[in-house]
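Data from input-v8.cif: mmCIF, C-alpha atoms
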```
data_upload
loop_
_atom_site.label_atom_id
_atom_site.label_comp_id
_atom_site.auth_asym_id
_atom_site.auth_seq_id
_atom_site.Cartn_x
_atom_site.Cartn_y
_atom_site.Cartn_z
CA MET M 1289 155.74 303.34 158.76
CA LEU M 1290 152.12 302.25 159.00
CA ASN M 1291 149.95 302.64 155.94
CA ARG M 1292 147.46 305.40 156.36
CA PRO M 1293 144.11 303.68 157.04
CA ALA M 1294 140.74 304.86 155.75
CA PRO M 1295 139.00 307.52 157.89
CA PHE M 1296 136.08 306.65 160.17
CA PRO M 1297 132.59 308.08 159.52
CA ASP M 1298 132.20 311.69 160.74
CA GLU M 1299 128.85 311.08 162.36
CA ASN M 1300 130.15 308.65 165.03
CA ARG M 1301 129.10 309.85 168.45
CA LEU M 1302 129.03 308.44 171.96
CA GLU M 1303 126.65 309.97 174.43
CA ALA M 1304 125.90 309.14 178.04
CA THR M 1305 122.98 310.66 179.89
CA GLU M 1306 122.25 310.94 183.59
CA ILE M 1307 124.59 308.11 184.61
CA GLU M 1308 124.60 307.09 188.24
CA CYS M 1309 127.15 304.68 189.64
CA LEU M 1310 127.09 303.01 193.05
CA ARG M 1311 129.86 301.29 194.91
CA GLY M 1312 128.23 299.24 197.62
CA PHE M 1313 125.54 301.57 198.92
CA GLN M 1314 127.53 304.72 198.27
CA SER M 1315 126.95 306.83 195.20
CA LEU M 1316 130.21 307.54 193.33
CA PHE M 1317 128.59 309.98 190.94
CA ARG M 1318 125.09 310.73 189.72
CA SER M 1319 123.47 312.69 186.90
CA LEU M 1320 126.67 312.49 184.89
CA SER M 1321 126.25 313.25 181.20
CA LEU M 1322 128.87 313.41 178.50
CA ALA M 1323 129.20 313.35 174.74
CA VAL M 1324 132.16 312.63 172.46
CA GLU M 1325 132.19 313.09 168.70
CA ALA M 1326 134.49 311.91 165.93
CA GLY M 1327 137.97 313.38 166.24
CA VAL M 1328 137.62 314.28 169.92
CA GLY M 1329 139.47 312.93 172.93
CA LEU M 1330 137.83 312.97 176.36
CA GLN M 1331 139.99 312.77 179.45
CA VAL M 1332 138.22 311.58 182.58
CA ARG M 1333 139.80 313.17 185.62
CA GLY M 1334 139.29 312.50 189.28
CA ALA M 1335 141.10 311.42 192.43
CA ASN M 1336 141.84 307.80 193.20
CA GLY M 1337 138.62 306.01 194.01
CA SER M 1338 136.39 308.61 192.38
CA GLY M 1339 135.03 306.05 189.90
CA LYS M 1340 137.05 306.67 186.72
CA THR M 1341 137.44 302.98 185.97
CA SER M 1342 133.79 302.35 186.86
CA LEU M 1343 132.73 305.04 184.39
CA LEU M 1344 134.87 303.57 181.60
CA ARG M 1345 133.49 300.09 182.29
CA ILE M 1346 129.94 301.46 182.09
CA LEU M 1347 130.75 303.24 178.83
CA CYS M 1348 132.05 300.08 177.21
CA GLY M 1349 129.13 297.99 178.48
CA LEU M 1350 131.06 295.73 180.88
CA ALA M 1351 129.24 297.14 183.89
CA LEU M 1352 125.68 298.37 184.25
CA ALA M 1353 124.98 301.87 185.53
CA GLU M 1354 122.56 302.17 188.43
CA SER M 1355 120.54 304.50 186.22
CA GLY M 1356 121.04 306.36 182.97
CA SER M 1357 121.92 305.18 179.47
CA VAL M 1358 124.77 305.15 177.00
CA PHE M 1359 124.07 305.75 173.32
CA TRP M 1360 126.28 305.00 170.33
CA ASN M 1361 125.08 306.93 167.27
CA GLY M 1362 121.72 307.37 168.96
CA LEU M 1363 121.19 303.67 169.79
CA ASP M 1364 121.14 302.43 173.37
CA ILE M 1365 124.21 300.18 173.74
CA ARG M 1366 122.21 297.64 175.73
CA LYS M 1367 119.86 297.15 172.78
CA SER M 1368 122.58 296.85 170.13
CA ALA M 1369 125.27 295.26 172.28
CA ALA M 1370 127.02 293.10 169.66
CA GLU M 1371 127.11 295.92 167.08
CA TYR M 1372 128.45 298.32 169.71
CA ARG M 1373 131.15 295.90 170.82
CA ALA M 1374 132.42 295.76 167.24
CA GLN M 1375 132.97 299.54 167.44
CA ILE M 1376 135.08 299.68 170.61
CA SER M 1377 138.49 298.70 171.78
CA TYR M 1378 139.03 298.69 175.53
CA LEU M 1379 142.31 298.77 177.39
CA GLY M 1380 141.77 297.95 181.05
CA HIS M 1381 144.06 297.94 184.07
CA ARG M 1382 145.45 294.58 183.07
CA PRO M 1383 146.98 294.09 179.64
CA ALA M 1384 144.85 291.01 178.75
CA LEU M 1385 147.86 289.09 177.45
CA LYS M 1386 148.36 285.38 177.99
CA GLY M 1387 151.77 285.01 179.60
CA GLU M 1388 152.43 281.68 177.87
CA LEU M 1389 152.06 283.18 174.38
CA THR M 1390 154.30 285.59 172.52
CA PRO M 1391 153.03 289.14 171.81
CA ARG M 1392 152.46 288.13 168.21
CA GLU M 1393 150.37 285.07 169.13
CA ASN M 1394 148.39 287.15 171.60
CA LEU M 1395 147.55 289.75 168.97
CA ASP M 1396 146.63 287.09 166.45
CA VAL M 1397 143.98 285.59 168.77
CA LEU M 1398 142.65 288.90 170.09
CA GLY M 1399 142.36 290.18 166.52
CA ALA M 1400 140.39 287.12 165.47
CA LEU M 1401 138.07 287.57 168.45
CA HIS M 1402 137.41 291.12 167.38
CA GLY M 1403 136.13 290.19 163.95
CA ARG M 1404 138.52 288.63 161.54
CA ARG M 1405 141.91 287.06 161.81
CA PRO M 1406 144.48 289.80 161.33
CA ASP M 1407 147.05 289.70 158.59
CA GLY M 1408 150.46 288.64 159.96
CA ARG M 1409 152.27 291.51 158.27
CA ARG M 1410 149.98 294.06 159.86
CA ILE M 1411 150.66 292.58 163.31
CA ASP M 1412 154.39 292.91 162.66
CA GLU M 1413 153.98 296.53 161.51
CA ILE M 1414 152.00 297.51 164.58
CA LEU M 1415 154.28 295.70 167.02
CA GLU M 1416 157.21 297.45 165.40
CA ALA M 1417 155.41 300.81 165.67
CA VAL M 1418 154.98 300.35 169.45
CA GLY M 1419 158.60 299.25 169.79
CA ILE M 1420 158.18 295.48 170.29
CA LYS M 1421 160.80 293.98 168.07
CA ARG M 1422 161.20 290.50 166.66
CA ARG M 1423 163.72 289.69 169.35
CA HIS M 1424 160.89 290.07 171.87
CA GLU M 1425 159.25 286.98 170.37
CA ARG M 1426 159.16 285.11 173.62
CA PRO M 1427 156.42 284.38 176.15
CA SER M 1428 154.75 287.62 177.19
CA ARG M 1429 155.24 286.87 180.86
CA THR M 1430 158.98 287.42 180.43
CA LEU M 1431 158.41 290.94 179.07
CA SER M 1432 158.62 293.96 181.35
CA ALA M 1433 155.44 295.71 182.51
CA GLY M 1434 156.15 298.51 180.02
CA GLN M 1435 156.61 296.09 177.14
CA GLN M 1436 153.37 294.34 178.07
CA GLN M 1437 151.58 297.69 178.11
CA ARG M 1438 153.02 298.46 174.67
CA THR M 1439 151.71 295.12 173.41
CA ALA M 1440 148.29 295.92 174.87
CA LEU M 1441 148.40 299.26 173.05
CA ALA M 1442 149.27 297.40 169.85
CA ARG M 1443 146.14 295.30 170.38
CA VAL M 1444 144.02 298.46 170.54
CA MET M 1445 145.64 299.81 167.38
CA LEU M 1446 145.11 296.51 165.57
CA SER M 1447 141.39 296.39 166.32
CA ASP M 1448 140.40 299.07 163.78
CA ALA M 1449 137.58 300.15 166.12
CA PRO M 1450 136.56 303.83 165.97
CA LEU M 1451 136.06 304.18 169.73
CA TRP M 1452 139.00 303.63 172.04
CA ILE M 1453 138.34 303.43 175.77
CA LEU M 1454 141.66 303.43 177.60
CA ASP M 1455 142.10 303.10 181.35
CA GLU M 1456 145.46 304.58 182.37
CA PRO M 1457 147.17 303.73 179.06
CA ALA M 1458 150.41 305.43 180.11
CA THR M 1459 150.93 303.10 183.10
CA ALA M 1460 154.43 301.60 183.17
CA LEU M 1461 155.44 303.28 179.89
CA ASP M 1462 158.78 305.05 179.62
CA ASP M 1463 159.16 308.42 177.84
CA PRO M 1464 159.54 306.94 174.33
CA GLY M 1465 156.57 304.69 175.11
CA ILE M 1466 154.46 307.69 176.07
CA GLY M 1467 155.61 309.35 172.85
CA THR M 1468 154.35 306.32 170.89
CA LEU M 1469 151.06 306.44 172.78
CA ARG M 1470 150.62 310.15 171.99
CA THR M 1471 151.35 309.53 168.30
CA ALA M 1472 148.83 306.67 168.25
CA LEU M 1473 146.16 308.80 169.95
CA ARG M 1474 146.71 311.73 167.59
CA GLY M 1475 146.68 309.43 164.55
CA HIS M 1476 143.42 307.88 165.73
CA LEU M 1477 141.75 311.28 166.25
CA ASP M 1478 143.02 312.54 162.86
CA ARG M 1479 141.37 309.52 161.32
CA GLY M 1480 138.05 310.54 162.86
CA GLY M 1481 138.26 308.15 165.80
CA LEU M 1482 137.04 308.82 169.34
CA VAL M 1483 139.08 308.34 172.50
CA ILE M 1484 137.96 308.30 176.12
CA PHE M 1485 140.77 307.83 178.59
CA THR M 1486 141.97 308.31 182.13
CA SER M 1487 145.50 309.44 182.76
CA HIS M 1488 147.58 311.39 185.21
CA GLN M 1489 149.77 312.54 182.33
CA PRO M 1490 148.93 315.04 179.61
CA LEU M 1491 148.50 312.89 176.51
CA LEU M 1492 146.76 315.22 174.05
CA ASP M 1493 147.07 318.90 173.14
CA THR M 1494 144.32 321.13 174.46
CA GLY M 1495 142.85 321.74 170.98
CA GLU M 1496 141.69 318.16 170.55
CA LEU M 1497 140.97 317.45 174.20
CA ARG M 1498 137.89 317.68 176.38
CA GLU M 1499 137.83 316.98 180.08
CA ILE M 1500 135.31 315.71 182.52
CA ARG M 1501 135.97 315.83 186.21
CA LEU M 1502 134.36 313.36 188.56
CA PRO M 1503 133.03 314.84 191.82
CA GLY M 1504 134.72 314.62 195.19
CA THR M 1505 138.20 315.10 193.78
CA HIS M 1506 141.26 317.13 194.62
CA ASP M 1507 143.15 316.16 191.49
CA MET P 259 121.94 290.94 155.06
CA THR P 260 123.18 289.52 151.76
CA ASP P 261 124.34 285.93 151.31
CA HIS P 262 127.89 287.21 151.13
CA ASP P 263 127.56 289.07 154.44
CA GLN P 264 126.06 286.01 156.07
CA ALA P 265 128.86 283.81 154.77
CA SER P 266 131.54 286.19 156.01
CA SER P 267 129.88 286.57 159.40
CA ALA P 268 129.66 282.77 159.78
CA GLN P 269 133.30 282.57 158.76
CA SER P 270 134.28 285.14 161.37
CA LEU P 271 132.34 283.24 164.08
CA TRP P 272 134.14 280.07 163.10
CA SER P 273 137.52 281.78 163.03
CA GLY P 274 136.94 283.32 166.50
CA PHE P 275 135.90 279.93 167.89
CA LEU P 276 138.89 278.13 166.38
CA SER P 277 141.40 280.81 167.38
CA LEU P 278 140.30 280.64 171.00
CA LEU P 279 140.27 276.83 171.01
CA ARG P 280 143.77 276.75 169.52
CA ARG P 281 144.98 279.39 171.97
CA ASP P 282 143.79 277.45 175.01
CA LEU P 283 145.24 274.18 173.74
CA ARG P 284 148.55 275.87 173.01
CA ILE P 285 148.61 277.29 176.54
CA ALA P 286 147.77 273.86 177.98
CA LEU P 287 150.64 272.30 176.03
CA ARG P 288 153.09 274.95 177.21
CA GLU P 289 151.82 274.91 180.78
CA ARG P 290 151.86 271.14 181.21
CA ASN P 291 150.85 271.17 184.88
CA ASP P 292 147.23 271.74 183.93
CA LEU P 293 147.45 268.83 181.53
CA VAL P 294 149.17 266.36 183.82
CA GLN P 295 147.72 267.08 187.27
CA PRO P 296 144.10 265.93 186.74
CA VAL P 297 145.15 262.66 185.14
CA LEU P 298 147.71 261.94 187.87
CA PHE P 299 145.09 262.73 190.50
CA PHE P 300 142.67 260.37 188.74
CA VAL P 301 145.19 257.52 188.69
CA VAL P 302 146.32 258.06 192.29
CA VAL P 303 142.81 258.26 193.75
CA VAL P 304 141.59 255.14 191.96
CA SER P 305 144.71 253.18 192.88
CA LEU P 306 144.18 253.99 196.58
CA PHE P 307 141.12 251.75 196.66
CA PRO P 308 142.74 248.39 195.89
CA LEU P 309 145.31 249.30 198.54
CA SER P 310 142.81 250.29 201.20
CA VAL P 311 140.12 247.62 200.85
CA ALA P 312 140.82 243.92 200.83
CA PRO P 313 142.18 242.81 197.44
CA ASP P 314 138.98 240.93 196.88
CA ARG P 315 138.25 240.60 193.18
CA GLN P 316 134.48 240.60 193.58
CA LEU P 317 134.46 243.65 195.86
CA LEU P 318 136.68 245.66 193.52
CA GLN P 319 134.62 244.68 190.52
CA ASP P 320 131.38 245.68 192.20
CA ALA P 321 132.65 249.03 193.35
CA GLY P 322 134.97 249.67 190.37
CA PRO P 323 132.67 251.53 187.95
CA GLY P 324 131.43 253.83 190.71
CA ILE P 325 134.91 254.52 192.05
CA ILE P 326 136.34 255.28 188.62
CA TRP P 327 133.46 257.58 187.75
CA VAL P 328 133.57 259.44 191.09
CA SER P 329 137.33 259.90 190.68
CA ALA P 330 136.78 261.22 187.17
CA LEU P 331 134.30 263.78 188.54
CA LEU P 332 136.79 264.89 191.18
CA ALA P 333 139.67 265.07 188.69
CA THR P 334 137.53 267.23 186.38
CA LEU P 335 136.60 269.42 189.30
CA LEU P 336 140.26 269.89 190.12
CA ALA P 337 140.98 271.35 186.69
CA LEU P 338 137.77 273.35 186.46
CA ASP P 339 138.87 276.60 188.02
CA SER P 340 141.61 277.02 185.43
CA MET P 341 138.93 277.35 182.73
CA PHE P 342 138.24 281.04 183.44
CA ARG P 343 140.30 282.13 186.45
CA PRO P 344 143.57 282.92 184.62
CA ASP P 345 141.53 284.84 182.02
CA TYR P 346 139.73 286.71 184.77
CA GLU P 347 142.97 287.64 186.48
CA ASP P 348 144.88 288.83 183.42
CA GLY P 349 141.98 290.78 181.90
CA SER P 350 141.41 288.41 178.96
CA LEU P 351 137.92 287.56 180.17
CA GLU P 352 136.92 291.22 179.78
CA GLN P 353 138.21 291.12 176.23
CA LEU P 354 136.15 287.99 175.53
CA ALA P 355 133.07 289.69 176.96
CA LEU P 356 133.77 292.73 174.75
CA SER P 357 134.21 290.69 171.59
CA PRO P 358 131.45 291.24 169.02
CA GLN P 359 131.20 287.46 168.78
CA PRO P 360 128.57 285.78 170.98
CA LEU P 361 130.12 285.10 174.38
CA SER P 362 128.29 281.74 174.52
CA LEU P 363 130.21 280.58 171.45
CA LEU P 364 133.52 281.65 173.01
CA VAL P 365 132.56 279.86 176.25
CA LEU P 366 131.89 276.76 174.17
CA ALA P 367 135.39 277.04 172.66
CA LYS P 368 136.90 277.31 176.12
CA ALA P 369 134.87 274.36 177.44
CA ALA P 370 135.92 272.31 174.40
CA ALA P 371 139.58 273.14 175.00
CA HIS P 372 139.14 272.28 178.67
CA TRP P 373 137.58 268.95 177.74
CA LEU P 374 140.36 268.11 175.27
CA ALA P 375 143.09 269.04 177.75
CA SER P 376 141.68 267.57 180.95
CA ALA P 377 139.08 264.90 180.09
CA VAL P 378 140.67 263.20 177.09
CA PRO P 379 143.73 262.13 179.12
CA LEU P 380 141.33 260.61 181.70
CA ILE P 381 139.62 258.63 178.96
CA VAL P 382 142.97 257.45 177.63
CA VAL P 383 144.14 256.09 180.99
CA SER P 384 140.75 254.62 181.94
CA PRO P 385 141.55 251.08 180.57
CA LEU P 386 144.53 250.98 182.92
CA LEU P 387 142.34 251.84 185.87
CA ALA P 388 139.74 249.30 184.76
CA MET P 389 142.50 246.71 184.94
CA LEU P 390 143.49 247.93 188.40
CA MET P 391 139.91 247.46 189.58
CA GLN P 392 139.88 244.03 187.92
CA LEU P 393 137.00 244.90 185.61
CA PRO P 394 136.32 242.31 182.89
CA GLY P 395 137.49 243.08 179.35
CA ASN P 396 134.08 243.94 177.92
CA ALA P 397 133.51 246.51 180.68
CA THR P 398 136.71 248.36 179.79
CA GLY P 399 135.41 249.50 176.42
CA VAL P 400 132.04 250.53 177.86
CA LEU P 401 133.81 252.47 180.62
CA ALA P 402 135.87 254.42 178.06
CA LEU P 403 132.77 255.00 175.93
CA SER P 404 130.76 256.18 178.93
CA LEU P 405 133.54 258.66 179.77
CA VAL P 406 133.62 259.88 176.15
CA LEU P 407 129.87 260.50 176.24
CA GLY P 408 129.65 261.85 179.79
CA THR P 409 132.71 264.04 180.37
CA PRO P 410 131.59 266.79 177.92
CA ALA P 411 128.68 267.41 180.29
CA LEU P 412 131.14 267.74 183.18
CA SER P 413 133.15 270.43 181.37
CA LEU P 414 130.01 272.28 180.23
CA ILE P 415 128.29 272.27 183.64
CA GLY P 416 131.64 273.23 185.15
CA ALA P 417 131.78 276.26 182.85
CA VAL P 418 128.57 277.58 184.41
CA GLY P 419 129.88 276.98 187.93
CA VAL P 420 133.22 278.65 187.25
CA GLY P 421 131.49 281.52 185.45
CA LEU P 422 129.39 282.17 188.55
CA THR P 423 132.22 281.91 191.06
CA VAL P 424 135.17 283.36 189.16
CA GLY P 425 134.77 286.75 190.83
CA ILE P 426 134.98 285.21 194.29
CA ARG P 427 138.34 284.54 195.86
CA ARG P 428 138.92 281.06 197.33
CA ASN P 429 135.88 279.66 195.62
CA GLY P 430 136.96 276.00 195.71
CA VAL P 431 134.37 274.66 198.13
CA LEU P 432 131.58 276.81 196.74
CA LEU P 433 132.37 275.61 193.22
CA SER P 434 132.24 271.96 194.36
CA LEU P 435 128.95 272.48 196.17
CA LEU P 436 127.49 274.15 193.11
CA VAL P 437 128.70 271.73 190.49
CA LEU P 438 128.84 268.25 192.06
CA PRO P 439 125.05 267.85 192.53
CA LEU P 440 124.60 268.69 188.85
CA TYR P 441 127.10 265.96 187.93
CA VAL P 442 124.88 263.28 189.49
CA PRO P 443 122.99 262.27 186.30
CA ALA P 444 126.30 261.70 184.47
CA LEU P 445 127.57 259.65 187.41
CA ILE P 446 124.43 257.49 187.56
CA PHE P 447 124.21 256.76 183.84
CA GLY P 448 127.99 256.42 183.39
CA ALA P 449 128.59 253.99 186.26
CA GLY P 450 125.26 252.32 185.44
CA ALA P 451 126.35 251.56 181.87
CA VAL P 452 129.50 249.80 183.09
CA GLN P 453 127.66 247.91 185.80
CA SER P 454 124.99 246.71 183.40
CA VAL P 455 127.52 245.25 180.98
CA MET P 456 129.11 243.43 183.91
CA ILE P 457 125.83 241.69 184.71
CA SER P 458 125.44 240.84 181.02
CA GLN P 459 122.78 243.45 180.31
CA ASP P 460 122.65 245.84 177.39
CA PRO P 461 124.39 249.11 178.37
CA THR P 462 122.86 251.01 175.42
CA PRO P 463 119.97 252.68 177.34
CA HIS P 464 122.41 254.08 179.90
CA LEU P 465 124.77 255.27 177.20
CA LEU P 466 121.95 256.91 175.26
CA LEU P 467 120.73 258.71 178.37
CA LEU P 468 124.27 259.82 179.05
CA ALA P 469 124.59 261.18 175.51
CA ALA P 470 121.23 262.91 175.85
CA PHE P 471 122.39 264.53 179.09
CA SER P 472 125.57 265.78 177.40
CA LEU P 473 123.57 267.15 174.47
CA PHE P 474 121.22 268.91 176.86
CA THR P 475 124.14 270.58 178.65
CA LEU P 476 125.61 271.48 175.25
CA ALA P 477 122.43 273.36 174.42
CA VAL P 478 121.96 275.09 177.76
CA CYS P 479 125.31 275.55 179.50
CA PRO P 480 127.14 277.86 177.05
CA LEU P 481 124.28 280.37 177.30
CA ALA P 482 124.08 280.06 181.08
CA ALA P 483 127.87 280.33 181.47
CA ALA P 484 127.98 283.43 179.26
CA ALA P 485 125.30 285.09 181.39
CA ALA P 486 127.16 284.05 184.55
CA ILE P 487 130.41 285.58 183.28
CA ARG P 488 128.69 288.87 182.44
CA ILE P 489 127.32 288.98 185.99
CA SER P 490 130.73 288.14 187.48
CA LEU P 491 132.39 290.91 185.48
CA ASN P 492 129.79 293.53 186.39
#
```

Would you write out, as structure tokens, the structure that this file holds?
Amino acid sequence: MLNRPAPFPDENRLEATEIECLRGFQSLFRSLSLAVEAGVGLQVRGANGSGKTSLLRILCGLALAESGSVFWNGLDIRKSAAEYRAQISYLGHRPALKGELTPRENLDVLGALHGRRPDGRRIDEILEAVGIKRRHERPSRTLSAGQQQRTALARVMLSDAPLWILDEPATALDDPGIGTLRTALRGHLDRGGLVIFTSHQPLLDTGELREIRLPGTHD
Amino acid sequence: MTDHDQASSAQSLWSGFLSLLRRDLRIALRERNDLVQPVLFFVVVVSLFPLSVAPDRQLLQDAGPGIIWVSALLATLLALDSMFRPDYEDGSLEQLALSPQPLSLLVLAKAAAHWLASAVPLIVVSPLLAMLMQLPGNATGVLALSLVLGTPALSLIGAVGVGLTVGIRRNGVLLSLLVLPLYVPALIFGAGAVQSVMISQDPTPHLLLLAAFSLFTLAVCPLAAAAAIRISLN
């Protein structure tokens, strides 16, 4: 079992106002506003190509919106970029693992990049919690897509960031894997964390879930 | 910020830098192709010259420093794309860009790892190539020293080029066109140092200029490469 970590501050809040996103010359969405507070999960819905990934990349500061701003606790994320980056953990389409390294080595480096070098025991605990056992200590490229996704999820859990931004986190996971993901999400929200995610699967109960639907969708 | 906070933030910068450097070196050691290919290329290209021109000692000696330096540029270029492309393709580059640590520092770690894995082997084999080109003994040491001082600039300038082109598929020619003109000062001072020792002149001015060029790229290129990567990811 994982030790119960300290709760996050209640006042954490992510807000986006009047976001417009272009792909080429075509507007994917405009005047999009959203807000997420501590303990709330926001599911971004929309058909393929409606700009879900683009929105998540704008929210974590990887991409710039055509217009509009994103605020973390009232501060524009462009003005306090390094501080904001310390508050988020992003899971993109690709698991961001180096195929030559074992899951453990991957987490060790990614943890160090996110602040401080993680404690080896904590890496073991989290890998165990997502179902990557010691016998999987081999180069990540030999793991299945589902196991790689579990390792990527372990990286998010290890980061200790209050805001999780997850792009299709259930991709390639089997039923027990999705169960682990749900437990991790619920644990994070209980701790006062924030989650913004895209998924075609129900991952949270309606009580703790908000939805935003991108335009031009038949989802 | 208290002294303690400052100390721990400096420590975390250092630990991020070292972790990334160690990671890239570990990958290079496990994926030996990246380690071996540039140095083999270097050796093969240089050894083509004695075979293709007349085995005239004077001719080889005159052209030797230039040929070895040009081959070193091309060998570095060959390995350049692997600095960021695998990271771009597997999503690691996004994670670097999202790290709270300054991206320029992480770029510097990657350029340092690239230099250790691809340029150091070139420096190690350079005495062999000097022999092949019939360079005199005193030129061999200056050649190795000029490569030590000059190749960091090649990796650092390369980082900017790869950062700009990493989002473009089949970027090989574009990368060469972008980077090779910027390599010219290193080529001139590097080959110049070896040539000057061969005509019994002091190579120090060339070597100092070469070192100054590398220091200049050390100051400028990590920042430029970090900006280039952010643009490529956007």

(request) Could you state which residues are captured by the PyMOL selection byres ((chain M) within 10 of (chain P)) in this file, as a ChimeraX atom specification? (result) /M:1342,1345-1346,1348-1353,1369-1389,1393-1394,1396-1405

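CA of Val328 in chain P is positioned 19.7 Å from CA of Ala312 in chain P.
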
(request) Would you mind reading off the distance between CA of Asn429 in chain P and CA of Arg343 in chain P, one decimal, in Å? (result) 10.5 Å

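For the atom pair formed by CA of Glu1499 in chain M and CA of Leu1330 in chain M, the distance is 5.5 Å, given to one decimal.
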
(request) Would you kindly translate the PyMOL selection byres ((chain M and resi 1392) around 12) into the concrete residues it picks from this file, as a PyMOL selection string? (result) chain M and resi 1385-1391+1393-1399+1406-1416+1420-1428+1436+1439-1440+1442-1443+1446

(request) To verify the selection step, state as a ChimeraX atom specification which residues the PyMOL selection byres ((chain P and resi 453) around 12) yields on this input. (result) /P:319-327,393-394,396-398,400-401,404,445-452,454-462,464-465

Dump as a JSON list (two decimals), in the coordinates of the input, selection limited to C-alpha atoms:
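Resulting contents of selection38.json:
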```json
[["chain", "number", "residue", "atom", "x", "y", "z"],
["P", 319, "GLN", "CA", 134.62, 244.68, 190.52],
["P", 320, "ASP", "CA", 131.38, 245.68, 192.20],
["P", 321, "ALA", "CA", 132.65, 249.03, 193.35],
["P", 322, "GLY", "CA", 134.97, 249.67, 190.37],
["P", 323, "PRO", "CA", 132.67, 251.53, 187.95],
["P", 324, "GLY", "CA", 131.43, 253.83, 190.71],
["P", 325, "ILE", "CA", 134.91, 254.52, 192.05],
["P", 326, "ILE", "CA", 136.34, 255.28, 188.62],
["P", 327, "TRP", "CA", 133.46, 257.58, 187.75],
["P", 393, "LEU", "CA", 137.00, 244.90, 185.61],
["P", 394, "PRO", "CA", 136.32, 242.31, 182.89],
["P", 396, "ASN", "CA", 134.08, 243.94, 177.92],
["P", 397, "ALA", "CA", 133.51, 246.51, 180.68],
["P", 398, "THR", "CA", 136.71, 248.36, 179.79],
["P", 400, "VAL", "CA", 132.04, 250.53, 177.86],
["P", 401, "LEU", "CA", 133.81, 252.47, 180.62],
["P", 404, "SER", "CA", 130.76, 256.18, 178.93],
["P", 445, "LEU", "CA", 127.57, 259.65, 187.41],
["P", 446, "ILE", "CA", 124.43, 257.49, 187.56],
["P", 447, "PHE", "CA", 124.21, 256.76, 183.84],
["P", 448, "GLY", "CA", 127.99, 256.42, 183.39],
["P", 449, "ALA", "CA", 128.59, 253.99, 186.26],
["P", 450, "GLY", "CA", 125.26, 252.32, 185.44],
["P", 451, "ALA", "CA", 126.35, 251.56, 181.87],
["P", 452, "VAL", "CA", 129.50, 249.80, 183.09],
["P", 454, "SER", "CA", 124.99, 246.71, 183.40],
["P", 455, "VAL", "CA", 127.52, 245.25, 180.98],
["P", 456, "MET", "CA", 129.11, 243.43, 183.91],
["P", 457, "ILE", "CA", 125.83, 241.69, 184.71],
["P", 458, "SER", "CA", 125.44, 240.84, 181.02],
["P", 459, "GLN", "CA", 122.78, 243.45, 180.31],
["P", 460, "ASP", "CA", 122.65, 245.84, 177.39],
["P", 461, "PRO", "CA", 124.39, 249.11, 178.37],
["P", 462, "THR", "CA", 122.86, 251.01, 175.42],
["P", 464, "HIS", "CA", 122.41, 254.08, 179.90],
["P", 465, "LEU", "CA", 124.77, 255.27, 177.20]]
```

(message) I need every residue sitting at most 9 Å from the point (134.9, 278.6, 191.8) (coordinates as in the file, only C-alpha atoms considered), written as number ranges by chain.
(response) P: 338-339, 343, 419-434, 436

3 Å per side around range 429-436 of chain P: axis-aligned box centre and edge lengths, as AutoDock Vina command-line options:
```
--center_x 132.2 --center_y 275.8 --center_z 195.6 --size_x 15.5 --size_y 13.7 --size_z 11.0
```

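Considering the residues P:Val378, P:Ala371, P:Cys479, P:Ala402 and counting all atoms listed in the file, Leu440 in chain P has its shortest atom-to-atom contact with P:Cys479.
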
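For the set M:Ala1449, M:Thr1430, M:Leu1347, M:Thr1341, the residue with the smallest atom-to-atom gap to Gly1481 in chain M is M:Ala1449, counting all atoms listed in the file.
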
(request) For a cut-off of 6 Å around (127.2, 311.6, 186.0), file coordinates, pick out all residues using all atoms listed in the file and list them as an MDAnalysis selection string. (result) chainID M and resid 1306:1308 1317:1321

(request) Mind checking which residues fall within 9 Å of Glu1325 in chain M, counting all atoms listed in the file, ignoring those fewer than 4 positions away in the same chain, and posting them as an MDAnalysis selection string? (result) chainID M and resid 1298:1303 1329 1480:1482

(message) Between P:Val297, P:Val437, P:Ala486, P:Leu331, which residue has the minimum interatomic distance to Leu405 in chain P, considering all atoms listed in the file?
(response) P:Leu331

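Compared by their closest atoms to Thr334 in chain P, and using all atoms listed in the file, the residues P:Gln392, P:Ser384, P:Thr475, P:Gln295 rank with P:Gln295 nearest.
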